[in-house]
Each structure stands twice: as structure tokens, then as C-alpha cells.
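Below: final35.cif (mmCIF, C-alpha atoms and all ligand atoms)
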```
data_coords
loop_
_atom_site.label_atom_id
_atom_site.label_comp_id
_atom_site.auth_asym_id
_atom_site.auth_seq_id
_atom_site.Cartn_x
_atom_site.Cartn_y
_atom_site.Cartn_z
CA MET A 1 124.65 110.72 108.25
CA GLU A 2 127.05 107.89 109.12
CA LEU A 3 127.14 105.10 106.54
CA LYS A 4 128.66 101.79 107.63
CA ILE A 5 129.61 99.98 104.44
CA ALA A 6 131.25 96.57 104.24
CA CYS A 7 133.31 96.16 101.07
CA ILE A 8 133.98 92.85 99.39
CA ALA A 9 136.41 93.68 96.60
CA GLY A 10 136.60 90.01 95.63
CA ASP A 11 138.56 88.61 92.71
CA GLY A 12 139.56 89.49 89.16
CA ILE A 13 138.52 93.05 88.32
CA GLY A 14 136.69 93.27 91.70
CA PRO A 15 139.32 95.39 93.50
CA GLU A 16 139.59 97.78 90.53
CA ILE A 17 135.86 98.44 90.13
CA VAL A 18 135.16 98.62 93.87
CA GLY A 19 138.06 101.07 94.21
CA GLU A 20 136.40 103.39 91.67
CA ALA A 21 132.97 103.02 93.30
CA ARG A 22 134.51 103.97 96.64
CA LYS A 23 136.02 107.08 95.10
CA VAL A 24 132.54 108.05 93.91
CA LEU A 25 130.98 107.33 97.32
CA ASP A 26 133.68 109.41 99.00
CA ALA A 27 132.92 112.30 96.66
CA ILE A 28 129.22 112.01 97.53
CA ALA A 29 130.02 111.93 101.25
CA LYS A 30 132.12 115.08 100.91
CA ARG A 31 129.53 116.92 98.82
CA TYR A 32 126.54 116.08 101.04
CA GLY A 33 128.26 115.97 104.43
CA HIS A 34 128.11 112.25 105.24
CA GLU A 35 130.68 110.10 106.97
CA ILE A 36 131.47 106.68 105.53
CA LYS A 37 133.04 103.92 107.60
CA TYR A 38 134.31 101.09 105.42
CA THR A 39 135.10 97.57 106.60
CA ASP A 40 136.98 95.37 104.15
CA ILE A 41 135.91 91.74 103.96
CA LEU A 42 137.57 88.88 102.14
CA MET A 43 135.34 86.54 100.15
CA GLY A 44 135.64 84.12 97.24
CA GLY A 45 139.08 83.32 95.89
CA ALA A 46 140.70 86.11 97.91
CA SER A 47 139.42 84.45 101.09
CA ILE A 48 140.47 80.96 99.93
CA ASP A 49 144.03 82.23 99.45
CA VAL A 50 144.19 83.57 103.00
CA HIS A 51 141.81 81.38 105.05
CA GLY A 52 141.38 78.25 102.90
CA THR A 53 137.64 78.85 102.69
CA PRO A 54 135.56 81.24 100.49
CA LEU A 55 133.66 82.74 103.42
CA THR A 56 134.53 82.82 107.10
CA LYS A 57 132.15 83.28 110.04
CA GLU A 58 134.04 86.47 110.88
CA ALA A 59 133.34 87.82 107.37
CA VAL A 60 129.61 87.14 107.79
CA GLU A 61 129.62 88.82 111.21
CA ALA A 62 131.45 91.85 109.79
CA ALA A 63 128.88 92.11 106.98
CA LYS A 64 126.04 91.90 109.51
CA THR A 65 127.37 94.79 111.54
CA ALA A 66 127.41 97.04 108.47
CA ASP A 67 124.36 98.89 107.06
CA ALA A 68 125.03 97.55 103.57
CA VAL A 69 127.60 95.58 101.59
CA LEU A 70 129.27 96.75 98.38
CA MET A 71 130.74 93.91 96.38
CA GLY A 72 132.88 93.65 93.26
CA SER A 73 132.75 90.13 91.96
CA ILE A 74 134.15 86.79 92.94
CA GLY A 75 135.58 83.84 91.04
CA GLY A 76 138.38 83.10 88.62
CA ASP A 77 138.98 81.35 85.35
CA ALA A 78 137.62 77.85 85.98
CA SER A 79 140.03 76.23 83.52
CA THR A 80 143.23 77.67 85.00
CA SER A 81 142.56 78.79 88.58
CA PRO A 82 143.58 76.40 91.40
CA TRP A 83 140.37 77.43 93.25
CA TYR A 84 138.41 75.16 90.90
CA LYS A 85 140.41 72.07 91.90
CA LEU A 86 138.76 72.34 95.33
CA PRO A 87 135.46 70.59 96.17
CA PRO A 88 132.41 72.71 95.14
CA SER A 89 131.66 73.73 98.75
CA LEU A 90 135.11 75.37 98.99
CA ARG A 91 135.11 77.17 95.63
CA PRO A 92 134.68 80.96 95.32
CA GLU A 93 130.98 80.84 94.31
CA ALA A 94 130.13 78.96 97.54
CA GLY A 95 131.07 82.16 99.38
CA LEU A 96 128.46 84.12 97.46
CA LEU A 97 125.70 81.59 98.08
CA GLY A 98 126.77 81.44 101.74
CA ILE A 99 126.61 85.17 102.34
CA ARG A 100 123.26 85.54 100.53
CA LYS A 101 121.83 82.83 102.79
CA ALA A 102 123.42 84.16 105.98
CA LEU A 103 122.06 87.65 105.31
CA ASN A 104 118.61 86.35 104.28
CA LEU A 105 118.67 88.25 100.99
CA PHE A 106 115.37 87.26 99.41
CA ALA A 107 114.80 90.12 96.97
CA ASN A 108 117.00 90.54 93.92
CA LEU A 109 116.84 93.81 91.99
CA ARG A 110 118.28 94.14 88.54
CA PRO A 111 117.74 97.39 86.70
CA ALA A 112 118.00 97.30 82.90
CA VAL A 113 118.49 100.76 81.50
CA LEU A 114 119.17 101.73 77.92
CA TYR A 115 121.12 105.00 77.86
CA PRO A 116 120.50 106.97 74.64
CA GLU A 117 124.29 107.29 74.18
CA LEU A 118 124.64 103.49 74.20
CA SER A 119 121.57 102.64 72.14
CA GLY A 120 123.83 101.36 69.38
CA ALA A 121 124.69 98.37 71.62
CA CYS A 122 121.01 97.39 71.92
CA PRO A 123 120.30 94.40 69.68
CA LEU A 124 116.70 95.54 69.04
CA LYS A 125 115.53 97.48 65.99
CA ALA A 126 116.14 101.25 66.14
CA GLU A 127 112.38 101.95 66.14
CA ILE A 128 112.21 100.11 69.49
CA SER A 129 115.56 101.12 71.02
CA ASP A 130 115.05 104.80 70.12
CA LYS A 131 112.34 104.97 72.78
CA GLY A 132 114.89 103.88 75.41
CA PHE A 133 113.88 101.98 78.55
CA ASP A 134 114.46 102.00 82.28
CA MET A 135 113.06 98.99 84.10
CA LEU A 136 113.86 97.04 87.22
CA ILE A 137 113.34 93.32 87.62
CA MET A 138 112.44 92.39 91.18
CA ARG A 139 113.03 88.66 91.55
CA GLU A 140 112.19 86.47 94.54
CA LEU A 141 115.48 84.78 95.38
CA THR A 142 115.01 82.16 98.08
CA GLY A 143 111.86 80.20 97.22
CA GLY A 144 110.09 78.49 94.34
CA LEU A 145 111.33 75.74 92.07
CA TYR A 146 115.03 76.16 92.85
CA PHE A 147 114.47 75.47 96.55
CA GLY A 148 111.63 72.89 96.51
CA ASP A 149 112.11 69.16 97.10
CA ARG A 150 113.53 67.30 94.13
CA LYS A 151 114.26 63.71 93.30
CA THR A 152 114.86 61.34 90.42
CA VAL A 153 113.29 57.91 90.65
CA GLU A 154 112.87 54.93 88.40
CA GLU A 155 109.40 53.50 87.93
CA ASP A 156 108.92 50.35 85.86
CA GLY A 157 112.31 50.91 84.22
CA VAL A 158 111.48 54.52 83.33
CA ARG A 159 113.49 57.36 84.92
CA LYS A 160 111.40 60.15 86.32
CA ALA A 161 112.56 63.49 87.75
CA ILE A 162 110.43 65.58 90.09
CA ASP A 163 110.99 69.22 91.12
CA THR A 164 108.54 71.01 93.37
CA LEU A 165 107.52 74.65 93.17
CA VAL A 166 106.38 75.92 96.56
CA TYR A 167 105.52 79.44 97.70
CA ASP A 168 103.68 80.39 100.85
CA GLU A 169 101.79 83.64 101.13
CA ASN A 170 104.35 85.22 103.47
CA GLU A 171 107.17 84.69 100.97
CA ILE A 172 105.04 86.31 98.27
CA ARG A 173 103.88 89.18 100.47
CA ARG A 174 107.35 90.25 101.58
CA ILE A 175 108.71 90.44 98.01
CA ALA A 176 105.54 92.17 96.79
CA VAL A 177 105.92 94.81 99.52
CA LYS A 178 109.52 95.40 98.38
CA GLY A 179 108.34 95.68 94.78
CA PHE A 180 105.67 98.27 95.57
CA ASP A 181 107.99 100.23 97.90
CA ILE A 182 110.57 100.45 95.14
CA ALA A 183 107.99 101.33 92.46
CA ARG A 184 107.09 104.30 94.68
CA LYS A 185 110.66 105.56 94.28
CA ARG A 186 110.39 105.14 90.48
CA LYS A 187 107.59 105.50 87.91
CA LYS A 188 104.94 103.94 90.20
CA LYS A 189 104.02 100.96 88.06
CA VAL A 190 104.31 97.26 88.95
CA THR A 191 103.94 94.50 86.38
CA SER A 192 103.49 91.26 88.30
CA VAL A 193 104.54 88.31 86.17
CA ASP A 194 103.18 84.81 86.71
CA LYS A 195 101.68 81.81 84.96
CA ALA A 196 98.30 82.00 86.68
CA ASN A 197 96.52 80.31 83.78
CA VAL A 198 98.32 77.06 84.71
CA LEU A 199 100.05 77.10 88.10
CA ASP A 200 98.49 77.16 91.58
CA SER A 201 101.59 78.87 92.95
CA SER A 202 100.99 81.64 90.40
CA ARG A 203 97.33 81.97 91.33
CA LEU A 204 98.33 82.44 94.98
CA TRP A 205 101.05 84.87 93.82
CA ARG A 206 98.45 86.94 91.95
CA ASN A 207 96.01 86.99 94.89
CA VAL A 208 98.63 88.05 97.42
CA VAL A 209 100.07 90.71 95.09
CA GLU A 210 96.55 92.13 94.71
CA GLU A 211 96.13 92.21 98.50
CA VAL A 212 99.43 94.07 98.88
CA ALA A 213 98.51 96.49 96.06
CA LYS A 214 95.55 97.74 98.14
CA GLY A 215 98.07 99.43 100.45
CA TYR A 216 99.62 101.28 97.48
CA PRO A 217 96.78 103.12 95.72
CA ASP A 218 99.32 105.45 94.10
CA VAL A 219 101.08 102.55 92.32
CA ALA A 220 99.52 101.05 89.18
CA LEU A 221 99.43 97.24 89.08
CA GLU A 222 99.09 95.03 86.03
CA HIS A 223 99.44 91.27 85.71
CA MET A 224 101.22 89.64 82.81
CA LEU A 225 101.78 86.01 81.94
CA VAL A 226 105.46 85.08 81.80
CA ASP A 227 105.40 83.99 78.16
CA ASN A 228 103.86 87.31 77.14
CA CYS A 229 106.39 89.19 79.28
CA ALA A 230 109.28 87.45 77.50
CA MET A 231 107.84 88.72 74.20
CA GLN A 232 107.04 92.22 75.44
CA LEU A 233 110.64 92.66 76.67
CA VAL A 234 111.85 92.59 73.08
CA LYS A 235 108.75 94.12 71.48
CA ASP A 236 108.28 97.17 73.71
CA PRO A 237 110.60 97.26 76.74
CA SER A 238 109.74 100.93 77.36
CA GLN A 239 106.34 99.90 78.82
CA PHE A 240 107.93 98.47 81.99
CA ASP A 241 108.86 100.06 85.31
CA VAL A 242 109.07 97.38 88.05
CA ILE A 243 108.64 93.76 86.98
CA LEU A 244 107.80 91.70 90.06
CA THR A 245 108.20 87.97 89.74
CA GLU A 246 109.11 84.64 91.31
CA ASN A 247 112.52 83.00 91.32
CA MET A 248 112.74 81.03 88.07
CA PHE A 249 110.77 83.47 85.92
CA GLY A 250 112.95 86.27 87.32
CA ASP A 251 116.13 84.35 86.60
CA ILE A 252 115.22 84.06 82.93
CA LEU A 253 113.59 87.47 82.42
CA SER A 254 116.38 89.40 84.15
CA ASP A 255 118.96 87.87 81.81
CA GLU A 256 116.76 88.69 78.83
CA ALA A 257 116.33 92.28 80.02
CA SER A 258 120.09 92.60 80.57
CA MET A 259 120.85 91.39 77.09
CA VAL A 260 118.59 93.94 75.43
CA THR A 261 120.68 96.72 76.96
CA GLY A 262 123.72 95.21 75.20
CA SER A 263 126.23 96.53 77.77
CA ILE A 264 127.28 94.10 80.51
CA GLY A 265 129.63 96.61 82.15
CA MET A 266 126.71 98.95 82.89
CA LEU A 267 124.35 96.64 84.78
CA ALA A 268 123.94 97.11 88.52
CA SER A 269 122.18 94.81 90.97
CA ALA A 270 121.08 94.57 94.58
CA SER A 271 119.87 91.85 96.91
CA LEU A 272 117.81 92.94 99.91
CA ASN A 273 116.42 91.41 103.08
CA ASP A 274 113.35 92.57 104.98
CA THR A 275 115.20 95.45 106.63
CA LYS A 276 117.01 98.23 104.77
CA PHE A 277 120.10 96.04 104.56
CA GLY A 278 121.31 95.03 101.11
CA LEU A 279 124.21 93.61 99.15
CA TYR A 280 125.03 95.64 96.06
CA GLU A 281 127.10 94.31 93.19
CA PRO A 282 127.45 94.57 89.42
CA SER A 283 125.55 91.94 87.41
CA HIS A 284 128.70 90.87 85.62
CA GLY A 285 131.38 88.48 86.86
CA SER A 286 135.01 88.99 87.86
CA ALA A 287 136.24 89.13 84.23
CA PRO A 288 139.58 87.39 84.92
CA ASP A 289 140.52 87.91 81.26
CA ILE A 290 140.96 91.67 81.82
CA ALA A 291 141.90 91.75 85.53
CA GLY A 292 144.78 94.03 86.50
CA LYS A 293 144.80 95.87 83.17
CA ASP A 294 142.87 98.95 84.33
CA ILE A 295 140.42 98.59 81.43
CA ALA A 296 137.32 97.28 83.24
CA ASN A 297 134.16 99.36 83.17
CA PRO A 298 133.46 100.48 86.75
CA ILE A 299 130.01 101.95 85.95
CA ALA A 300 127.95 98.86 86.92
CA THR A 301 129.57 98.95 90.36
CA VAL A 302 129.18 102.72 90.64
CA LEU A 303 125.47 102.36 89.77
CA SER A 304 125.19 99.55 92.35
CA ALA A 305 126.59 102.00 94.90
CA ALA A 306 123.91 104.49 93.79
CA MET A 307 121.28 101.80 94.44
CA MET A 308 122.78 101.37 97.92
CA LEU A 309 122.38 105.08 98.61
CA ARG A 310 118.77 104.94 97.42
CA TYR A 311 117.53 101.69 98.94
CA SER A 312 119.62 101.11 102.08
CA PHE A 313 120.14 104.74 103.13
CA ASP A 314 117.12 106.49 101.54
CA LEU A 315 119.55 109.06 100.11
CA ASP A 316 117.65 109.63 96.87
CA LYS A 317 119.24 113.00 96.09
CA GLU A 318 122.72 111.49 96.41
CA ALA A 319 121.76 108.49 94.24
CA ASP A 320 120.32 110.85 91.61
CA ALA A 321 123.62 112.77 91.62
CA VAL A 322 125.64 109.61 90.93
CA GLU A 323 123.30 108.54 88.13
CA ALA A 324 123.41 112.04 86.64
CA ALA A 325 127.23 111.99 86.72
CA VAL A 326 127.23 108.70 84.79
CA LYS A 327 124.87 110.15 82.18
CA GLU A 328 126.98 113.30 81.82
CA VAL A 329 130.23 111.40 81.36
CA LEU A 330 128.60 109.19 78.71
CA LYS A 331 127.11 112.23 77.00
CA GLU A 332 130.56 113.82 76.82
CA GLY A 333 131.71 110.75 74.89
CA TYR A 334 133.94 109.01 77.45
CA ARG A 335 133.89 105.22 77.19
CA THR A 336 135.75 102.27 78.63
CA THR A 337 136.83 99.76 76.03
CA ASP A 338 133.78 97.45 76.42
CA ILE A 339 131.35 100.22 75.39
CA MET A 340 133.69 102.08 73.03
CA SER A 341 132.25 103.26 69.73
CA GLU A 342 133.39 105.46 66.89
CA GLY A 343 133.91 109.13 67.69
CA CYS A 344 134.15 108.50 71.47
CA ARG A 345 137.16 108.86 73.76
CA GLU A 346 138.48 105.63 75.29
CA VAL A 347 139.42 105.88 78.97
CA SER A 348 140.77 103.49 81.61
CA CYS A 349 138.86 102.18 84.62
CA THR A 350 140.67 104.67 86.88
CA LYS A 351 140.07 107.57 84.52
CA MET A 352 136.36 106.77 84.32
CA GLY A 353 136.23 106.91 88.14
CA ASP A 354 138.11 110.22 88.12
CA LEU A 355 135.70 111.71 85.57
CA LEU A 356 132.70 110.72 87.68
CA VAL A 357 134.32 112.24 90.79
CA GLU A 358 135.02 115.45 88.84
CA LYS A 359 131.34 115.74 87.96
CA LEU A 360 130.36 115.25 91.59
CA CYS A 361 132.88 117.78 92.88
CA LYS A 362 131.83 120.53 90.43
P1 LIG B 401 132.13 87.80 83.26
O1 LIG B 401 130.91 88.64 83.43
O2 LIG B 401 133.16 87.92 84.31
O3 LIG B 401 132.81 88.14 81.84
C1 LIG B 401 132.15 87.96 80.59
C2 LIG B 401 132.81 88.90 79.55
O4 LIG B 401 132.43 90.25 79.85
C3 LIG B 401 134.33 88.87 79.60
O5 LIG B 401 134.83 89.02 78.30
C4 LIG B 401 134.71 90.08 80.42
O6 LIG B 401 135.97 90.63 80.11
C5 LIG B 401 133.58 91.04 80.10
N1 LIG B 401 133.27 91.94 81.23
C6 LIG B 401 132.60 91.61 82.37
N2 LIG B 401 132.53 92.66 83.18
C7 LIG B 401 133.16 93.68 82.56
C8 LIG B 401 133.42 95.03 82.91
N3 LIG B 401 133.03 95.58 84.07
N4 LIG B 401 134.11 95.80 82.03
C9 LIG B 401 134.51 95.30 80.86
N5 LIG B 401 134.29 94.04 80.46
C10 LIG B 401 133.62 93.22 81.32
O7 LIG B 401 131.62 86.31 83.11
P2 LIG B 401 132.44 84.94 83.08
O8 LIG B 401 133.69 85.13 82.27
O9 LIG B 401 131.48 83.91 82.69
O10 LIG B 401 132.86 84.66 84.58
C11 LIG B 401 134.13 84.97 85.14
C12 LIG B 401 134.09 84.63 86.62
O11 LIG B 401 133.14 85.47 87.28
C13 LIG B 401 133.70 83.20 86.93
O12 LIG B 401 134.52 82.72 87.97
C14 LIG B 401 132.27 83.31 87.40
O13 LIG B 401 131.91 82.27 88.28
C15 LIG B 401 132.32 84.64 88.11
N6 LIG B 401 131.00 85.31 88.26
C16 LIG B 401 130.78 85.89 89.46
C17 LIG B 401 129.59 86.57 89.66
C18 LIG B 401 129.38 87.22 90.98
O14 LIG B 401 130.32 87.41 91.74
N7 LIG B 401 128.15 87.60 91.31
C19 LIG B 401 128.64 86.64 88.64
C20 LIG B 401 128.93 86.05 87.40
C21 LIG B 401 130.12 85.37 87.21
#
```

Could you render the structure as C-alpha cells?
Ligand code: NAD
Amino acid sequence: MELKIACIAGDGIGPEIVGEARKVLDAIAKRYGHEIKYTDILMGGASIDVHGTPLTKEAVEAAKTADAVLMGSIGGDASTSPWYKLPPSLRPEAGLLGIRKALNLFANLRPAVLYPELSGACPLKAEISDKGFDMLIMRELTGGLYFGDRKTVEEDGVRKAIDTLVYDENEIRRIAVKGFDIARKRKKKVTSVDKANVLDSSRLWRNVVEEVAKGYPDVALEHMLVDNCAMQLVKDPSQFDVILTENMFGDILSDEASMVTGSIGMLASASLNDTKFGLYEPSHGSAPDIAGKDIANPIATVLSAAMMLRYSFDLDKEADAVEAAVKEVLKEGYRTTDIMSEGCREVSCTKMGDLLVEKLCK
């Protein structure tokens, strides 16, 4: 199969971690007989330095002609980088918002996995973390409270702020379909999270999700109120498979789920549109404090590449192989500095990539 992948290395540790993820993808291509065509795209600070803007039209067009985009991370240290003296619309982060909009990426996927080897990093009690967990938060990304009309007015000398939360049934249906499709590739359970005891938008959410569920009789559906979900994530995270939710609830719950894994360098993410196209990137930022030192953990980016294989290319076997290689390397005790613990062997970013490639070339 030919895989057309656009690469946005970005800023900070971006080029280092994307470089390792590419090594892993190349090893997969060799092992399974695929051909990868990479296109490199500048975005964020790297694009500002060359083009004076964080995202050019040409970059968007190049991304659109690819099947998927693999990204490192963009941005610099806001207190020292000259990029942050520019107006907000010309700063690195504007590039990210711009490309998400241009590519119509409405579904955000953030897996939160607790690997047994890293359970010591989990801030929960051992009796909970010992069970491990492997969930995926599917968050609607382009609607809801963050995109509704807002204003601040003054009435009779009193300031009043108004934000509106709007969802139409089509916006809910398309993200629900993604959620159920992805649950089918996992443990076949969807927990739809809302606040249907209070909000009309949540009641519509629940109705539409139930309609969509009828087309997926093999996937179990449960509904959970958002406040209960926030509690369950720390009480018994092992109960979850796919958590399907709207924009603001997803924003908060995905950060909570990430934190209970305890390992920022391990967290992958994807943003999808209504085709197979997606943008895949680690959940962490560009870590300017460790850039250029060859100590970053490339695993979040490698696991994002595995998500790309699974969701954009339907190459489940290949994605499984990447995830298995990560597990093996961790089991053998290799760690980058961010996840280092006693009795393990500390390795560089490059070495971690090499070890993963070795596993795939066995
Ligand atoms: P960050 O995630 O970059 O770093 C937080 C801490 O985690 C730092 O100590 C860093 O060294 C460490 N860390 C992060 N990733 C790591 C990895 N792979 N291996 C080892 N350690 C790692 O968050 P921040 O410092 O708040 O942000 C830095 C820059 O990244 C900012 O410009 C911010 O805007 C940007 N950012 C970009 C994205 C994105 O591109 N999607 C997301 C978040 C932040």
C-alpha cells in the first residue's frame, strides 16, 4: 500500500520525536511491504522563521494532498522566544488552530493507557492502578460552548457575560459515528458523557447517540453524567473503553484521564475529519526546555503514528506491531529520562527509536 504522509516536525523537540516516529514507520513499511511518501511541511515557529507566518496556504494544500499528517509539536518558550512578541494571529499556536480548521478536524481522540511497567507514575492508589486501564476519549472539537456566540454586556450597572452552547443533530451524529466506529476496533463499549439532567444540548446529544447506536448492535452503549464520569475516572478508570463527549466536557475529562496515567511523554492523540484523513500528534507540547538534547521521549509520537496506521490506513496489524514493540521495550526496562525509575536503563530519544526499530525488524 502507498501511504502519503505529510510531516510537520514543528518546533522544540518536534524534529527529534518526529524523526524517531519516521524511523518506526519506515521499519513497518519494510516489514509489511508498504511504500511511504513523506512531504515535509513547515508550521508554527519554524514557518514564522522562514515565511513570517505560522501557516501558509501552500502548507495547507500540501497537507490536504496527503492521506494523513504526522505532527511533532509547535511553539516555544513564551517568555524568551521572539515568536511571542508577534500579534496573536501570527504566533505559532495560530498555525495549529488554522490547520485544524482548514482540514475540518472535528473529532479529537486521546487515548489514556496505563502500562503495567509505568504504574508507579499513576497518582492513584495501587489497588486502582494495579488493574491498569486503556481508554480513549473521543471529544467533539468544533462545536459547543467554545464556538457559540458570546458577549459581555452591562445591565443596570451590573456586568453580565453570556456564552452559548449550541449543537445540531448533524454535529452530534458525525462524532457519534466516529466513536462507535472506533469502539468496534477496540473493546466495543461506548460511554456517552453528557449533562442530560440539566442541558437541552445534552438531551439532544443523548437522543442522537441512541439513534446512532442502533446501527452498532455489537457495541455496548451506556450514558453517564459528566460529574459522575469525572469521579469514575479516578475511582475505577478500568471500566472505560471509548468515552464519547462534547467539546468542553471532553477538554476537561481528557486532561483528567491524561493525568491519571502520570506520563506525559507517552500520550498520543489524533484529530479526524469525516473521511479517513487525520492529524496525529503527541498530547504534549514542544518542550523547549529539553529541545536539542536528545532526551525527549518519542513514544507519544510513535504511538500517534500507530493511531495513524489504524485509523487513517486501516492497517490494524501494523498498528498492533508498533504498540507491541513499545510494550516490549518498556518491559525490558528501557526508559527515557521522563519515565525513568529505579532499576531501569536510561536511554536517549534516538536510542529509544532504535530499540523500537530493532523490535520491528526481528
Ligand atoms: P510541554 O508539554 O511542552 O512541557 C511540559 C513539561 O513536560 C516540560 O518539562 C517538558 O520538558 C516535559 N515534556 C513534554 N513532552 C516531553 C517528552 N516527549 N519527553 C520528555 N519530557 C517532555 O508544555 P509547555 O511547557 O506548557 O509548552 C511548551 C510549548 O509547547 C508552548 O509553546 C506551548 O504553546 C506548546 N504546546 C504545543 C502543543 C501542540 O503543538 N499541540 C500542545 C501543548 C503545548

- [ ] Kindly provide, as a PyMOL selection string, all nucleotide and amino acid residues lying within 6 Å of ligand LIG 401 (chain B), counting all atoms listed in the file.
- [x] chain A and resi 73-77+265+284-290+296-298+338

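Restricting the calculation to all atoms listed in the file, the smallest distance between Gly95 (chain A) and any of A:Lys57, A:Arg310, A:Arg110, A:Lys37 is found for A:Lys57.
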
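Ranking A:Glu20, A:Arg31, A:Phe240, A:Ile5 by their shortest atom-to-atom distance to Lys362 (chain A), with all atoms listed in the file included, puts A:Arg31 first.
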
TODO: Can you work out which one of A:Leu330, A:Cys361, A:Leu267, A:Ile128 has the shortest atom-to-atom distance to Ala306 (chain A), counting only C-alpha atoms?
DONE: A:Leu267

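In this structure, CA of Pro116 (chain A) sits 17.4 Å away from CA of Asp320 (chain A).
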
Open item on the list: Give me the residues near region 210-221 of chain A as a PyMOL selection string, where near means some atom within 6 Å (using all atoms listed in the file) and where sequence neighbours in that chain fewer than 5 positions away do not count.
Closed with: chain A and resi 188-191

Would you export the selected residues with C-alpha atoms as a short mmCIF file (atom, residue, chain, number, x, y, z; two decimals), in the frame of the given file, please?
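Saved as out-v5.cif:
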```cif
data_model
loop_
_atom_site.label_atom_id
_atom_site.label_comp_id
_atom_site.auth_asym_id
_atom_site.auth_seq_id
_atom_site.Cartn_x
_atom_site.Cartn_y
_atom_site.Cartn_z
CA LYS A 188 104.94 103.94 90.20
CA LYS A 189 104.02 100.96 88.06
CA VAL A 190 104.31 97.26 88.95
CA THR A 191 103.94 94.50 86.38
#
```

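For the point (112.1, 93.8, 100.1), the residues with at least one atom inside 7 Å, counting only C-alpha atoms, are Ala107, Arg174, Ile175, Val177, Lys178, Gly179, Leu272, Asn273 and Asp274 of chain A.
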
Copy region 90-98 of chain A out of the block into a file, keeping all heavy atoms, as an mmCIF file, in the first residue's frame.
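So the final result, stored in selection05.cif, reads:
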```cif
data_model
loop_
_atom_site.group_PDB
_atom_site.id
_atom_site.type_symbol
_atom_site.label_atom_id
_atom_site.label_comp_id
_atom_site.auth_asym_id
_atom_site.auth_seq_id
_atom_site.Cartn_x
_atom_site.Cartn_y
_atom_site.Cartn_z
ATOM 1 N N LEU A 90 -0.321 35.777 14.554
ATOM 2 C CA LEU A 90 0.909 35.382 13.854
ATOM 3 C C LEU A 90 1.825 34.513 14.718
ATOM 4 O O LEU A 90 2.951 34.221 14.353
ATOM 5 C CB LEU A 90 1.671 36.630 13.393
ATOM 6 C CG LEU A 90 1.031 37.402 12.241
ATOM 7 C CD1 LEU A 90 1.836 38.656 11.919
ATOM 8 C CD2 LEU A 90 0.903 36.528 10.993
ATOM 9 N N ARG A 91 1.328 34.131 15.903
ATOM 10 C CA ARG A 91 2.145 33.287 16.787
ATOM 11 C C ARG A 91 2.030 31.811 16.388
ATOM 12 O O ARG A 91 1.107 31.429 15.674
ATOM 13 C CB ARG A 91 1.676 33.467 18.244
ATOM 14 C CG ARG A 91 2.025 34.848 18.766
ATOM 15 C CD ARG A 91 1.581 35.024 20.194
ATOM 16 N NE ARG A 91 1.684 36.429 20.556
ATOM 17 C CZ ARG A 91 1.222 36.960 21.671
ATOM 18 N NH1 ARG A 91 0.617 36.190 22.570
ATOM 19 N NH2 ARG A 91 1.360 38.238 21.917
ATOM 20 N N PRO A 92 2.944 30.961 16.887
ATOM 21 C CA PRO A 92 2.959 29.554 16.459
ATOM 22 C C PRO A 92 1.610 28.843 16.606
ATOM 23 O O PRO A 92 1.175 28.120 15.710
ATOM 24 C CB PRO A 92 4.008 28.929 17.381
ATOM 25 C CG PRO A 92 4.899 30.050 17.780
ATOM 26 C CD PRO A 92 4.057 31.280 17.813
ATOM 27 N N GLU A 93 0.919 29.058 17.752
ATOM 28 C CA GLU A 93 -0.317 28.321 18.031
ATOM 29 C C GLU A 93 -1.405 28.627 17.000
ATOM 30 O O GLU A 93 -2.296 27.806 16.758
ATOM 31 C CB GLU A 93 -0.843 28.657 19.437
ATOM 32 C CG GLU A 93 -0.018 28.062 20.574
ATOM 33 C CD GLU A 93 1.358 28.703 20.760
ATOM 34 O OE1 GLU A 93 1.604 29.801 20.224
ATOM 35 O OE2 GLU A 93 2.208 28.082 21.433
ATOM 36 N N ALA A 94 -1.334 29.839 16.382
ATOM 37 C CA ALA A 94 -2.337 30.191 15.366
ATOM 38 C C ALA A 94 -2.243 29.222 14.182
ATOM 39 O O ALA A 94 -3.239 28.940 13.509
ATOM 40 C CB ALA A 94 -2.135 31.634 14.901
ATOM 41 N N GLY A 95 -1.047 28.706 13.940
ATOM 42 C CA GLY A 95 -0.872 27.737 12.853
ATOM 43 C C GLY A 95 -1.655 26.463 13.122
ATOM 44 O O GLY A 95 -2.311 25.904 12.242
ATOM 45 N N LEU A 96 -1.625 26.042 14.378
ATOM 46 C CA LEU A 96 -2.308 24.804 14.756
ATOM 47 C C LEU A 96 -3.828 24.974 14.625
ATOM 48 O O LEU A 96 -4.521 24.119 14.052
ATOM 49 C CB LEU A 96 -1.921 24.457 16.200
ATOM 50 C CG LEU A 96 -2.353 23.107 16.723
ATOM 51 C CD1 LEU A 96 -1.856 21.995 15.819
ATOM 52 C CD2 LEU A 96 -1.818 22.905 18.133
ATOM 53 N N LEU A 97 -4.331 26.088 15.153
ATOM 54 C CA LEU A 97 -5.778 26.333 15.043
ATOM 55 C C LEU A 97 -6.167 26.426 13.574
ATOM 56 O O LEU A 97 -7.191 25.902 13.144
ATOM 57 C CB LEU A 97 -6.162 27.634 15.775
ATOM 58 C CG LEU A 97 -5.920 27.624 17.284
ATOM 59 C CD1 LEU A 97 -6.273 28.971 17.908
ATOM 60 C CD2 LEU A 97 -6.740 26.519 17.966
ATOM 61 N N GLY A 98 -5.297 27.093 12.786
ATOM 62 C CA GLY A 98 -5.574 27.283 11.353
ATOM 63 C C GLY A 98 -5.648 25.962 10.610
ATOM 64 O O GLY A 98 -6.575 25.731 9.822
#
```
